[in-house]
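J.: Below is input-v7.cif; it holds mmCIF, C-alpha atoms.
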data_structure
#
loop_
_atom_site.label_atom_id
_atom_site.label_comp_id
_atom_site.auth_asym_id
_atom_site.auth_seq_id
_atom_site.Cartn_x
_atom_site.Cartn_y
_atom_site.Cartn_z
CA MET Z 107 130.51 117.22 115.75
CA ILE Z 108 132.81 114.37 114.70
CA TYR Z 109 136.43 115.33 115.03
CA GLU Z 110 137.70 112.87 117.64
CA ASN Z 111 140.63 111.72 115.50
CA ARG Z 112 141.28 114.95 113.63
CA TYR Z 113 144.50 116.94 113.94
CA LEU Z 114 144.99 120.43 112.60
CA PHE Z 115 147.39 121.35 109.85
CA ARG Z 116 148.25 124.95 109.02
CA SER Z 117 149.71 126.51 105.91
CA PRO Z 118 150.80 130.15 106.27
CA LEU Z 119 149.72 132.82 103.82
CA LEU Z 120 152.80 134.87 102.92
CA ASP Z 121 152.82 138.27 101.27
CA LEU Z 122 155.52 139.65 98.97
CA LYS Z 123 157.70 140.60 101.97
CA GLN Z 124 157.39 137.12 103.51
CA GLN Z 125 155.12 138.44 106.25
CA VAL Z 126 152.51 135.99 107.53
CA THR Z 127 149.09 137.55 106.93
CA GLY Z 128 146.96 134.50 107.70
CA TYR Z 129 146.75 130.71 107.68
CA ARG Z 130 144.88 128.05 105.79
CA LEU Z 131 143.59 125.49 108.28
CA ALA Z 132 142.69 121.92 107.38
CA TRP Z 133 142.63 118.49 108.96
CA GLN Z 134 145.69 116.37 108.40
CA LYS Z 135 145.23 113.60 105.86
CA ASN Z 136 144.20 110.32 107.43
CA ALA Z 137 144.26 107.07 105.44
CA GLU Z 138 141.58 105.59 107.71
CA ASP Z 139 139.20 108.52 107.30
CA THR Z 140 135.85 107.57 105.78
CA LEU Z 141 134.06 110.92 106.05
CA SER Z 142 133.32 113.00 102.97
CA ALA Z 143 135.20 116.19 102.20
CA GLU Z 144 132.02 118.13 103.01
CA ALA Z 145 131.76 116.55 106.46
CA ASP Z 146 135.44 117.20 107.06
CA ALA Z 147 135.04 120.86 106.17
CA CYS Z 148 131.91 121.25 108.28
CA ASP Z 149 133.63 119.73 111.32
CA LEU Z 150 136.64 122.01 110.85
CA LEU Z 151 134.49 125.15 110.65
CA ALA Z 152 132.64 124.09 113.80
CA PHE Z 153 135.84 123.34 115.71
CA VAL Z 154 137.52 126.60 114.74
CA ALA Z 155 134.39 128.59 115.56
CA GLU Z 156 134.48 127.13 119.05
CA GLY Z 157 138.26 127.32 119.48
CA VAL Z 158 139.05 130.89 118.42
CA ARG Z 159 136.12 132.70 119.98
CA ASP Z 160 138.34 134.89 122.20
CA MET Z 161 141.54 134.80 120.13
CA LYS Z 162 143.14 137.20 117.69
CA THR Z 163 144.51 134.83 115.09
CA GLY Z 164 144.63 136.93 111.94
CA LEU Z 165 142.91 135.68 108.78
CA LEU Z 166 141.93 132.00 108.79
CA PHE Z 167 141.22 130.39 105.40
CA MET Z 168 139.07 127.23 105.47
CA ASP Z 169 137.39 125.09 102.81
CA ALA Z 170 133.62 125.25 102.60
CA THR Z 171 130.73 124.21 100.37
CA PRO Z 172 127.49 126.16 99.87
CA ALA Z 173 125.42 123.28 101.26
CA GLU Z 174 127.11 123.31 104.67
CA LEU Z 175 126.98 127.06 105.26
CA SER Z 176 123.89 127.08 107.41
CA ALA Z 177 122.81 130.26 109.16
CA GLU Z 178 123.42 128.55 112.50
CA LEU Z 179 127.03 127.67 111.66
CA LEU Z 180 127.79 131.09 110.19
CA GLN Z 181 126.61 132.78 113.38
CA THR Z 182 129.33 130.99 115.36
CA LEU Z 183 132.20 132.09 113.07
CA LEU Z 184 134.05 135.41 113.29
CA PRO Z 185 133.40 137.05 109.88
CA ALA Z 186 136.22 139.60 110.12
CA THR Z 187 138.90 136.90 110.38
CA THR Z 188 137.27 134.07 108.38
CA VAL Z 189 137.89 133.54 104.67
CA LEU Z 190 135.75 130.77 103.16
CA ILE Z 191 137.39 128.88 100.28
CA LEU Z 192 134.76 127.83 97.72
CA ASN Z 193 135.34 125.67 94.67
CA SER Z 194 134.47 127.36 91.39
CA GLU Z 195 132.36 124.39 90.26
CA ASP Z 196 130.18 124.78 93.37
CA MET Z 197 129.61 128.45 92.53
CA ALA Z 198 128.89 128.13 88.80
CA ASP Z 199 125.12 128.25 89.38
CA ALA Z 200 123.88 131.81 89.05
CA GLY Z 201 121.91 131.31 92.27
CA GLN Z 202 125.14 131.08 94.24
CA VAL Z 203 125.81 134.75 93.56
CA VAL Z 204 123.13 135.52 96.13
CA LEU Z 205 124.95 133.37 98.69
CA ALA Z 206 128.25 135.11 97.91
CA ALA Z 207 126.64 138.53 98.29
CA THR Z 208 125.10 137.51 101.62
CA LEU Z 209 128.41 136.24 102.97
CA ARG Z 210 130.18 139.43 101.95
CA GLU Z 211 127.46 141.55 103.57
CA GLN Z 212 128.03 139.62 106.79
CA GLY Z 213 131.74 140.44 106.65
CA PHE Z 214 133.20 137.09 105.54
CA GLY Z 215 136.07 136.95 103.09
CA LEU Z 216 135.59 134.76 100.00
CA ALA Z 217 138.23 132.89 98.02
CA LEU Z 218 137.58 130.96 94.81
CA ARG Z 219 139.60 127.85 93.98
CA ASN Z 220 140.02 125.80 90.78
CA VAL Z 221 139.43 128.74 88.47
CA ASP Z 222 140.59 129.29 84.93
CA LEU Z 223 140.49 132.37 82.72
CA ALA Z 224 137.23 131.35 81.06
CA PHE Z 225 135.49 131.02 84.44
CA LEU Z 226 136.72 134.44 85.56
CA LYS Z 227 135.51 136.14 82.39
CA ALA Z 228 132.10 134.45 82.58
CA ASN Z 229 131.41 135.26 86.27
CA ASP Z 230 132.01 138.95 86.68
CA LEU Z 231 129.15 139.40 89.18
CA LEU Z 232 130.41 136.55 91.37
CA LEU Z 233 133.92 138.00 91.34
CA SER Z 234 132.60 141.31 92.64
CA HIS Z 235 131.95 139.53 95.96
CA ALA Z 236 135.28 137.64 96.12
CA SER Z 237 138.52 138.89 97.65
CA TYR Z 238 140.87 136.10 96.56
CA VAL Z 239 141.47 133.69 93.71
CA LEU Z 240 143.56 130.62 94.53
CA ALA Z 241 145.60 129.01 91.75
CA CYS Z 242 148.42 126.47 91.74
CA PHE Z 243 151.80 127.92 90.76
CA ASP Z 244 152.03 125.52 87.81
CA HIS Z 245 148.59 126.41 86.41
CA PRO Z 246 149.05 126.95 82.64
CA GLU Z 247 147.10 130.22 82.83
CA PHE Z 248 148.63 131.51 86.04
CA LYS Z 249 150.10 134.65 84.43
CA GLU Z 250 146.85 135.42 82.57
CA ILE Z 251 144.79 134.94 85.76
CA CYS Z 252 147.04 137.41 87.59
CA SER Z 253 146.79 139.90 84.76
CA TYR Z 254 142.99 139.65 84.60
CA ALA Z 255 142.67 140.12 88.38
CA LYS Z 256 144.80 143.29 88.24
CA GLN Z 257 142.60 144.83 85.54
CA ARG Z 258 139.42 144.51 87.57
CA PRO Z 259 138.01 147.70 89.14
CA LYS Z 260 137.56 145.90 92.49
CA LEU Z 261 140.74 144.48 94.00
CA LEU Z 262 141.02 140.73 93.48
CA ARG Z 263 144.12 139.13 94.96
CA VAL Z 264 145.67 136.07 93.35
CA VAL Z 265 147.19 133.61 95.83
CA GLY Z 266 149.59 130.94 94.62
CA GLU Z 267 149.02 127.49 96.12
CA ASP Z 268 151.32 124.52 96.63
CA ILE Z 269 154.49 126.57 96.25
CA PRO Z 270 157.30 123.98 96.53
CA GLY Z 271 160.27 126.30 97.08
CA TRP Z 272 161.52 129.85 97.63
CA GLN Z 273 162.52 130.26 93.98
CA GLU Z 274 159.00 129.31 92.83
CA LEU Z 275 157.62 131.89 95.27
CA GLU Z 276 159.74 134.59 93.64
CA ASP Z 277 158.63 133.40 90.20
CA CYS Z 278 154.95 133.62 91.21
CA ALA Z 279 155.48 137.11 92.63
CA ALA Z 280 157.05 138.20 89.34
CA LEU Z 281 153.92 137.00 87.51
CA GLY Z 282 151.67 139.11 89.72
CA ALA Z 283 150.58 136.98 92.69
CA CYS Z 284 149.97 138.91 95.92
CA GLY Z 285 150.22 136.02 98.36
CA PHE Z 286 151.35 132.43 98.66
CA PHE Z 287 150.25 129.34 100.52
CA GLY Z 288 153.00 126.87 101.29
CA ASN Z 289 154.96 125.51 104.21
CA LEU Z 290 158.26 126.82 102.90
CA CYS Z 291 159.13 127.93 106.41
CA VAL Z 292 159.49 124.37 107.69
CA ALA Z 293 161.55 123.15 104.73
CA PRO Z 294 165.31 122.90 105.44
CA ARG Z 295 167.45 125.56 103.81
CA GLN Z 296 170.96 124.80 102.66
CA ILE Z 297 173.66 126.80 104.46
CA SER Z 298 176.25 127.04 101.71
CA HIS Z 299 178.06 130.07 103.14
CA PRO Z 300 177.49 130.23 106.91
CA ALA Z 301 176.93 133.73 108.21
CA LYS Z 302 178.83 135.28 111.09
CA LEU Z 303 177.04 136.25 114.26
CA ALA Z 304 176.31 139.98 114.31
CA PRO Z 305 177.82 142.07 117.15
CA GLN Z 306 174.38 142.41 118.75
CA ALA Z 307 174.02 138.62 118.63
CA GLN Z 308 177.20 138.30 120.65
CA GLN Z 309 175.83 140.77 123.18
CA ILE Z 310 172.58 138.83 123.42
CA LEU Z 311 174.50 135.58 123.95
CA GLN Z 312 176.40 137.32 126.77
CA LEU Z 313 173.09 138.23 128.40
CA MET Z 314 171.80 134.69 127.94
CA GLN Z 315 174.92 133.37 129.69
CA MET Z 316 174.36 135.83 132.54
CA VAL Z 317 170.74 134.73 132.90
CA GLN Z 318 171.78 131.08 132.94
CA GLY Z 319 174.27 131.87 135.69
CA ASN Z 320 171.66 133.78 137.75
CA ALA Z 321 173.76 136.96 137.60
CA ASP Z 322 172.81 139.91 139.77
CA ILE Z 323 169.84 141.75 138.27
CA ARG Z 324 171.78 145.02 138.44
CA ASN Z 325 174.49 143.62 136.17
CA VAL Z 326 171.88 142.34 133.71
CA GLU Z 327 170.24 145.76 133.71
CA LYS Z 328 173.61 147.44 133.09
CA VAL Z 329 174.19 145.38 129.92
CA LEU Z 330 170.65 146.07 128.75
CA LYS Z 331 171.05 149.81 129.28
CA SER Z 332 174.28 149.82 127.30
CA ASP Z 333 172.22 149.17 124.17
CA LEU Z 334 169.16 151.40 123.82
CA THR Z 335 167.82 149.19 121.03
CA LEU Z 336 167.83 146.16 123.30
CA SER Z 337 166.10 148.08 126.07
CA TYR Z 338 163.45 149.38 123.68
CA LYS Z 339 162.78 145.93 122.25
CA LEU Z 340 162.48 144.40 125.72
CA LEU Z 341 159.85 146.96 126.72
CA ARG Z 342 158.03 146.56 123.40
CA TYR Z 343 157.96 142.78 123.89
CA ILE Z 344 156.76 142.72 127.48
CA ASN Z 345 154.06 145.31 126.78
CA SER Z 346 152.72 143.51 123.69
CA ALA Z 347 149.30 141.89 123.79
CA GLY Z 348 150.68 138.36 123.65
CA PHE Z 349 152.35 138.77 127.02
CA GLY Z 350 149.06 139.52 128.80
CA LEU Z 351 150.19 142.03 131.46
CA GLU Z 352 147.62 144.51 132.77
CA VAL Z 353 150.12 147.25 133.64
CA GLU Z 354 152.63 148.98 131.38
CA ILE Z 355 156.29 148.28 132.09
CA GLU Z 356 158.43 151.40 131.79
CA SER Z 357 162.02 150.41 132.68
CA PRO Z 358 164.39 147.50 131.97
CA ARG Z 359 164.74 146.74 135.70
CA HIS Z 360 160.98 146.60 136.14
CA ALA Z 361 160.79 144.36 133.06
CA VAL Z 362 163.42 141.97 134.39
CA ALA Z 363 161.71 141.89 137.79
CA MET Z 364 158.33 141.17 136.20
CA LEU Z 365 159.66 138.58 133.77
CA GLY Z 366 161.97 136.55 135.96
CA TYR Z 367 165.01 134.88 134.45
CA ALA Z 368 163.38 131.98 132.60
CA PRO Z 369 161.00 134.18 130.54
CA LEU Z 370 163.84 136.69 130.06
CA PHE Z 371 165.92 133.92 128.51
CA ARG Z 372 162.96 133.23 126.18
CA TRP Z 373 162.84 136.88 125.10
CA LEU Z 374 166.58 136.95 124.48
CA LEU Z 375 166.25 133.83 122.34
CA LEU Z 376 163.52 135.51 120.28
CA LEU Z 377 165.71 138.57 119.88
CA LEU Z 378 168.75 136.46 118.94
CA ALA Z 379 166.70 134.91 116.14
CA ARG Z 380 166.21 138.37 114.60
CA THR Z 381 169.86 139.41 114.46
CA ASN Z 382 170.53 138.00 110.98
CA THR Z 383 169.84 141.15 108.98
CA THR Z 384 170.84 139.76 105.57
CA GLY Z 385 168.70 136.63 105.35
CA PHE Z 386 166.00 137.29 107.94
CA SER Z 387 162.49 136.17 107.02
CA PRO Z 388 159.46 137.28 109.08
CA ALA Z 389 157.71 134.07 108.04
CA LEU Z 390 160.52 131.94 109.45
CA MET Z 391 160.41 133.89 112.70
CA GLN Z 392 156.65 133.41 112.95
CA ALA Z 393 156.99 129.68 112.30
CA ALA Z 394 159.65 129.38 115.01
CA MET Z 395 157.53 131.29 117.51
CA VAL Z 396 154.45 129.17 116.83
CA ARG Z 397 156.46 125.94 117.11
CA GLY Z 398 158.06 127.03 120.37
CA ARG Z 399 154.80 128.14 121.98
CA PHE Z 400 152.95 125.09 120.61
CA ALA Z 401 155.50 122.72 122.14
CA GLU Z 402 155.33 124.60 125.45
CA LEU Z 403 151.52 124.38 125.59
CA LEU Z 404 151.61 120.68 124.70
CA GLY Z 405 153.86 120.00 127.67
CA GLN Z 406 151.95 121.99 130.27
CA ASP Z 407 149.61 119.11 131.11
CA PHE Z 408 152.33 116.65 132.20
CA LEU Z 409 155.50 118.66 132.86
CA SER Z 410 156.51 121.19 135.48
CA ARG Z 411 156.36 124.88 134.57
CA ARG Z 412 160.14 125.06 134.14
CA GLU Z 413 160.20 121.96 131.93
CA ALA Z 414 157.36 123.34 129.79
CA GLU Z 415 159.32 126.59 129.41
CA ASN Z 416 162.27 124.51 128.22
CA LEU Z 417 160.03 123.19 125.45
CA PHE Z 418 159.68 126.72 124.12
CA VAL Z 419 163.47 126.92 123.96
CA VAL Z 420 163.58 123.56 122.18
CA GLY Z 421 161.03 124.68 119.59
CA MET Z 422 162.82 127.95 118.87
CA PHE Z 423 166.28 126.36 118.74
CA SER Z 424 165.01 123.83 116.20
CA PHE Z 425 164.65 126.80 113.78
CA LEU Z 426 167.74 128.72 114.79
CA ASP Z 427 170.03 127.46 112.02
CA ARG Z 428 167.60 128.74 109.37
CA LEU Z 429 167.01 132.04 111.16
CA LEU Z 430 170.68 132.84 111.75
CA GLY Z 431 172.13 131.17 108.69
CA ILE Z 432 174.67 129.27 110.81
CA PRO Z 433 174.76 125.68 112.13
CA VAL Z 434 172.86 125.50 115.41
CA ARG Z 435 175.83 123.73 117.07
CA GLU Z 436 177.79 126.98 116.77
CA VAL Z 437 175.24 128.70 119.01
CA LEU Z 438 174.78 125.75 121.34
CA GLY Z 439 178.54 125.75 121.93
CA GLN Z 440 178.25 129.16 123.59
CA LEU Z 441 175.43 128.20 125.98
CA VAL Z 442 175.01 125.54 128.63
CA LEU Z 443 171.60 124.05 127.89
CA PRO Z 444 170.04 121.14 129.81
CA ASP Z 445 170.98 117.72 128.42
CA ALA Z 446 167.31 117.01 127.66
CA VAL Z 447 167.16 120.11 125.42
CA ALA Z 448 170.27 119.12 123.47
CA GLN Z 449 169.00 115.54 123.14
CA ALA Z 450 165.66 116.72 121.73
CA LEU Z 451 167.38 118.93 119.17
CA GLU Z 452 169.85 116.29 118.04
CA SER Z 453 167.69 113.14 117.95
CA ARG Z 454 164.07 114.05 118.89
CA GLN Z 455 164.52 111.73 121.88
CA GLY Z 456 164.47 112.13 125.65
CA LEU Z 457 161.97 114.12 127.71
CA TYR Z 458 161.32 116.84 125.12
CA GLY Z 459 162.02 115.09 121.82
CA PRO Z 460 158.60 113.46 121.27
CA VAL Z 461 156.80 116.74 122.01
CA LEU Z 462 158.99 118.59 119.51
CA ALA Z 463 158.32 115.84 116.96
CA LEU Z 464 154.56 116.28 117.46
CA ALA Z 465 154.79 120.05 116.99
CA GLU Z 466 156.78 119.53 113.79
CA ALA Z 467 154.35 116.88 112.51
CA SER Z 468 151.46 119.33 112.90
CA GLU Z 469 153.10 121.58 110.31
CA ARG Z 470 152.70 119.02 107.52
CA GLU Z 471 149.50 117.89 105.85
CA ASP Z 472 150.56 114.24 106.05
CA GLY Z 473 152.62 114.64 109.22
CA GLY Z 474 151.09 111.78 111.17
CA ALA Z 475 150.33 113.84 114.28
CA ALA Z 476 147.78 111.24 115.45
CA ILE Z 477 150.38 108.53 116.03
CA LEU Z 478 152.73 110.87 117.90
CA ALA Z 479 149.92 112.29 120.05
CA GLN Z 480 148.69 108.81 120.97
CA ALA Z 481 152.22 107.81 121.99
CA LEU Z 482 152.19 110.76 124.42
CA SER Z 483 148.63 109.91 125.60
CA MET Z 484 147.43 113.32 124.41
CA LYS Z 485 143.86 113.91 123.28
CA ASN Z 486 143.38 115.58 119.94
CA THR Z 487 141.28 118.34 121.52
CA HIS Z 488 144.27 119.37 123.67
CA VAL Z 489 146.66 119.24 120.71
CA ASN Z 490 144.37 121.21 118.40
CA GLN Z 491 143.53 123.85 121.00
CA ALA Z 492 147.23 124.26 121.81
CA HIS Z 493 147.88 124.68 118.08
CA LEU Z 494 145.33 127.47 117.71
CA SER Z 495 146.50 129.15 120.92
CA ALA Z 496 150.10 129.12 119.70
CA VAL Z 497 149.10 130.82 116.44
CA ALA Z 498 147.16 133.48 118.36
CA TRP Z 499 150.04 134.04 120.80
CA ALA Z 500 152.56 134.55 118.01
CA GLN Z 501 150.26 137.08 116.35
CA GLY Z 502 150.19 139.15 119.53
CA ILE Z 503 153.95 139.32 120.18
CA LYS Z 504 155.86 142.41 119.10
CA LEU Z 505 159.65 142.24 118.81
#
Since I need it in another form, could you write the structure as structure tokens?
T.:
Amino acid sequence: MIYENRYLFRSPLLDLKQQVTGYRLAWQKNAEDTLSAEADACDLLAFVAEGVRDMKTGLLFMDATPAELSAELLQTLLPATTVLILNSEDMADAGQVVLAATLREQGFGLALRNVDLAFLKANDLLLSHASYVLACFDHPEFKEICSYAKQRPKLLRVVGEDIPGWQELEDCAALGACGFFGNLCVAPRQISHPAKLAPQAQQILQLMQMVQGNADIRNVEKVLKSDLTLSYKLLRYINSAGFGLEVEIESPRHAVAMLGYAPLFRWLLLLLARTNTTGFSPALMQAAMVRGRFAELLGQDFLSRREAENLFVVGMFSFLDRLLGIPVREVLGQLVLPDAVAQALESRQGLYGPVLALAEASEREDGGAAILAQALSMKNTHVNQAHLSAVAWAQGIKL
């Protein structure tokens, strides 16, 4: 397959509660690319089939055309987690209904793009095999498409595409959409009225300070036990699938002993990000977790273990202002972070800055990940595999 210069881009699928239920995967746009859209899509399907074989990634939406869906390629994909996006014009032929029925029998999800109301009304049999209809938020018939989908006896979900902002997402939801594609999570949010840190956030910061100072494990355990919610969440986190332990941890002391202080600091950071109860968004949290883990995996090939773990902190902190609703400097002022971490967050420079910049670039369709990866002498296979692994890891973490 030809994907030597391809870099993945992901767009999360959000539900009405801003939970991430899946991702649309595509190659980043490349001005020098000469391959057809069909070849691009075929290469992506082949790469993902190879890359997620043993991962639990949630639903993955990917473009496809009927011509490229060979039996050989379909056998390599995971039907239960794969949703094939097909253009309506490619499915207008009555013969394509057979293909749609076959794909559904095999367990694949089907999504139709570029539809209008006339197409929906004229292709009732095809729609009986589809699970999703994708329509841009500014489509002139968006409301009518949503209404028609609701009236069907078989559930047909309408997903809004290219949602530019949070207000447009709410508008689409009011019209009847069930999901939304758009990288709203990585767009800056204005902090007009900074929030105050919740009492539990202050307690978590105290624990983070203790961990940084290598405090006695008994004192750390004492603070953890003073808050049953913290203790419960620590055990839930360390026993979640994303952590990969083979034995169940049953006490805070055992958890701290198993984690060590550096991973414990990571957990506390994740928990800190969830303390903003008024403006918390699960989608923002998921984006922060993926970015942090992605940056960490990118650095594992050329940095020490401790330095790679610092990259997770860098990735999470780069989202902290949006998660907490306060300027990140206010949190940084209460912790003593390595200079390289602060430098990466402030200017994307230093040891960690270029890696953070690459992780951020991979979140945008025209992010220019290729240039940043080449500057770090990273192969695209390593970057793309780290990207998929980070998505799978975040799906397996319970907080």
J.: Give as a list of chain:residue names the residues that the PyMOL selection byres ((chain Z and resi 481-496) around 6) matches when applied to the coordinates above.
T.: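 Selected by the PyMOL selection byres ((chain Z and resi 481-496) around 6) in this file: Z:Leu114, Z:Val396, Z:Arg399, Z:Phe400, Z:Leu403, Z:Leu478, Z:Ala479, Z:Gln480, Z:Val497, Z:Ala498, Z:Trp499.
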J.: Give me, as a VMD selection string, all polymer residues having an atom no more than 12 Å from Gly319 of chain Z, counting all atoms listed in the file and skipping those fewer than 5 positions away in the same chain.
T.: chain Z and resid 312 to 314 325 to 326 367 to 368 371 441 to 443
J.: Using only C-alpha atoms, find the one residue out of Z:Val221, Z:Ala363, Z:Leu190, Z:Ala448 that sits nearest to His235 of chain Z.
T.: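 Among the listed residues, Z:Leu190 lies closest to His235 of chain Z.
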J.: By how many Å are atom CA of Gly421 of chain Z and atom CA of Val437 of chain Z apart?
T.: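 Atom-to-atom, atom CA of Gly421 of chain Z and atom CA of Val437 of chain Z are spaced 14.8 Å apart.
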J.: Could you state the separation of atom CA of Ser253 of chain Z and atom CA of Pro388 of chain Z in Å, given to one decimal place?
T.: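 Calculated distance between atom CA of Ser253 of chain Z and atom CA of Pro388 of chain Z is 27.5 Å.
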J.: Given all atoms listed in the file as the basis, pick out the residue of Z:Glu211, Z:Gly459, Z:Leu341, Z:Val239 nearest to Val353 of chain Z.
T.: Z:Leu341
J.: Translate the PyMOL selection byres ((chain Z and resi 192-204) around 10), as applied to the file shown, into an explicit residue set as a PyMOL selection string.
T.: chain Z and resi 168-173+189-191+205-210+216-222+225-226+228-229+231-236+239-240
J.: Keeping only C-alpha atoms, write the selected residues as a tab-separated table (two decimals), in the frame of the given file.
T.:
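Result saved to again_16.tsv:
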chain	number	residue	atom	x	y	z
Z	168	MET	CA	139.07	127.23	105.47
Z	169	ASP	CA	137.39	125.09	102.81
Z	170	ALA	CA	133.62	125.25	102.60
Z	171	THR	CA	130.73	124.21	100.37
Z	172	PRO	CA	127.49	126.16	99.87
Z	173	ALA	CA	125.42	123.28	101.26
Z	189	VAL	CA	137.89	133.54	104.67
Z	190	LEU	CA	135.75	130.77	103.16
Z	191	ILE	CA	137.39	128.88	100.28
Z	205	LEU	CA	124.95	133.37	98.69
Z	206	ALA	CA	128.25	135.11	97.91
Z	207	ALA	CA	126.64	138.53	98.29
Z	208	THR	CA	125.10	137.51	101.62
Z	209	LEU	CA	128.41	136.24	102.97
Z	210	ARG	CA	130.18	139.43	101.95
Z	216	LEU	CA	135.59	134.76	100.00
Z	217	ALA	CA	138.23	132.89	98.02
Z	218	LEU	CA	137.58	130.96	94.81
Z	219	ARG	CA	139.60	127.85	93.98
Z	220	ASN	CA	140.02	125.80	90.78
Z	221	VAL	CA	139.43	128.74	88.47
Z	222	ASP	CA	140.59	129.29	84.93
Z	225	PHE	CA	135.49	131.02	84.44
Z	226	LEU	CA	136.72	134.44	85.56
Z	228	ALA	CA	132.10	134.45	82.58
Z	229	ASN	CA	131.41	135.26	86.27
Z	231	LEU	CA	129.15	139.40	89.18
Z	232	LEU	CA	130.41	136.55	91.37
Z	233	LEU	CA	133.92	138.00	91.34
Z	234	SER	CA	132.60	141.31	92.64
Z	235	HIS	CA	131.95	139.53	95.96
Z	236	ALA	CA	135.28	137.64	96.12
Z	239	VAL	CA	141.47	133.69	93.71
Z	240	LEU	CA	143.56	130.62	94.53
J.: Scan for residues within 12 Å of the point (175.5, 123.6, 118.8) in the coordinates of the file, using all atoms listed in the file, and reply as a list in words.
T.: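 Result, sorted by chain then residue number: Phe423, Ser424, Leu426, Asp427, Ile432, Pro433, Val434, Arg435, Glu436, Val437, Leu438, Gly439, Gln440, Leu441, Val442, Leu443, Val447, Ala448, Gln449, Leu451 and Glu452 of chain Z.
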J.: What does the structure give for the distance between atom CA of Arg116 of chain Z and atom CA of Cys284 of chain Z, in Å to one decimal?
T.: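 Between atom CA of Arg116 of chain Z and atom CA of Cys284 of chain Z the gap works out to 19.2 Å.
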J.: Once the PyMOL selection byres ((chain Z and resi 429) around 9) has been applied to the shown file, what residues remain in the selection, as JSON, numbers by chain?
T.: {"Z": [379, 380, 381, 382, 385, 386, 387, 390, 391, 394, 425, 426, 427, 428, 430, 431, 432]}
J.: So which residues touch Leu417 of chain Z within 6 Å, counting all atoms listed in the file, skipping near sequence neighbours fewer than 2 positions away, as a PyMOL selection string?
T.: chain Z and resi 401-402+414-415+419-420
J.: Counting all atoms listed in the file, figure out which residue out of Z:Leu290, Z:Ala304, Z:Leu150, Z:Leu404 gets nearest to Gly271 of chain Z.
T.: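 Nearest to Gly271 of chain Z: Z:Leu290.
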J.: Applying 10 Å and all atoms listed in the file, which residues near Cys278 of chain Z remain after dropping the ones on its own chain fewer than 3 positions away? List them as an NGL selection string.
T.: :Z and (122 or 242-244 or 248-249 or 252 or 264-267 or 269 or 272-275 or 281-286)
J.: Could you check the closest approach to Ser410 of chain Z for each of Z:Glu156, Z:Leu457, Z:Glu354, Z:Tyr129 and tell me which residue wins, using all atoms listed in the file?
T.: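 Nearest candidate to Ser410 of chain Z out of Z:Glu156, Z:Leu457, Z:Glu354, Z:Tyr129: Z:Leu457.
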J.: Pick out the residues sitting within 10 Å of Gly164 of chain Z, and hand them over as a count of residues only; count only C-alpha atoms, and ignore anything fewer than 4 positions along from it in its own chain.
T.: 11
J.: Give me the box for segment 179-190 of chain Z as JSON, namely the centre and edge lengths in Å to one decimal of a box along x, y and z that holds every listed atom plus 5 Å on each side.
T.:
{"center_x": 132.8, "center_y": 133.6, "center_z": 109.3, "size_x": 22.3, "size_y": 21.9, "size_z": 22.2}
J.: Of the residues Z:Pro460, Z:Phe115, Z:Lys123, Z:Lys227, which is the one nearest to Gln257 of chain Z, using all atoms listed in the file?
T.: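 Once distances to Gln257 of chain Z are computed over all atoms listed in the file, the minimum belongs to Z:Lys227.
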J.: Place N, CA and C atoms on segment 238-247 of chain Z and deliver the coordinates as a compact mmCIF listing (two decimals), in the coordinates of the input.
T.:
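Result file is out.txt:
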# COMPACT_ATOMS: atom_id res chain seq x y z
N TYR Z 238 139.70 136.87 96.93
CA TYR Z 238 140.87 136.10 96.56
C TYR Z 238 140.52 135.08 95.49
N VAL Z 239 141.51 134.81 94.64
CA VAL Z 239 141.47 133.69 93.71
C VAL Z 239 142.68 132.83 94.01
N LEU Z 240 142.47 131.54 94.23
CA LEU Z 240 143.56 130.62 94.53
C LEU Z 240 143.89 129.81 93.29
N ALA Z 241 145.17 129.77 92.93
CA ALA Z 241 145.60 129.01 91.75
C ALA Z 241 146.96 128.38 92.01
N CYS Z 242 147.14 127.15 91.58
CA CYS Z 242 148.42 126.47 91.74
C CYS Z 242 149.49 127.17 90.92
N PHE Z 243 150.71 127.18 91.43
CA PHE Z 243 151.80 127.92 90.76
C PHE Z 243 152.08 127.39 89.36
N ASP Z 244 151.76 126.09 89.12
CA ASP Z 244 152.03 125.52 87.81
C ASP Z 244 150.80 125.53 86.89
N HIS Z 245 149.77 126.29 87.26
CA HIS Z 245 148.59 126.41 86.41
C HIS Z 245 149.00 127.03 85.07
N PRO Z 246 148.60 126.43 83.95
CA PRO Z 246 149.05 126.95 82.64
C PRO Z 246 148.62 128.38 82.36
N GLU Z 247 147.58 128.85 83.06
CA GLU Z 247 147.10 130.22 82.83
C GLU Z 247 147.41 131.14 84.01
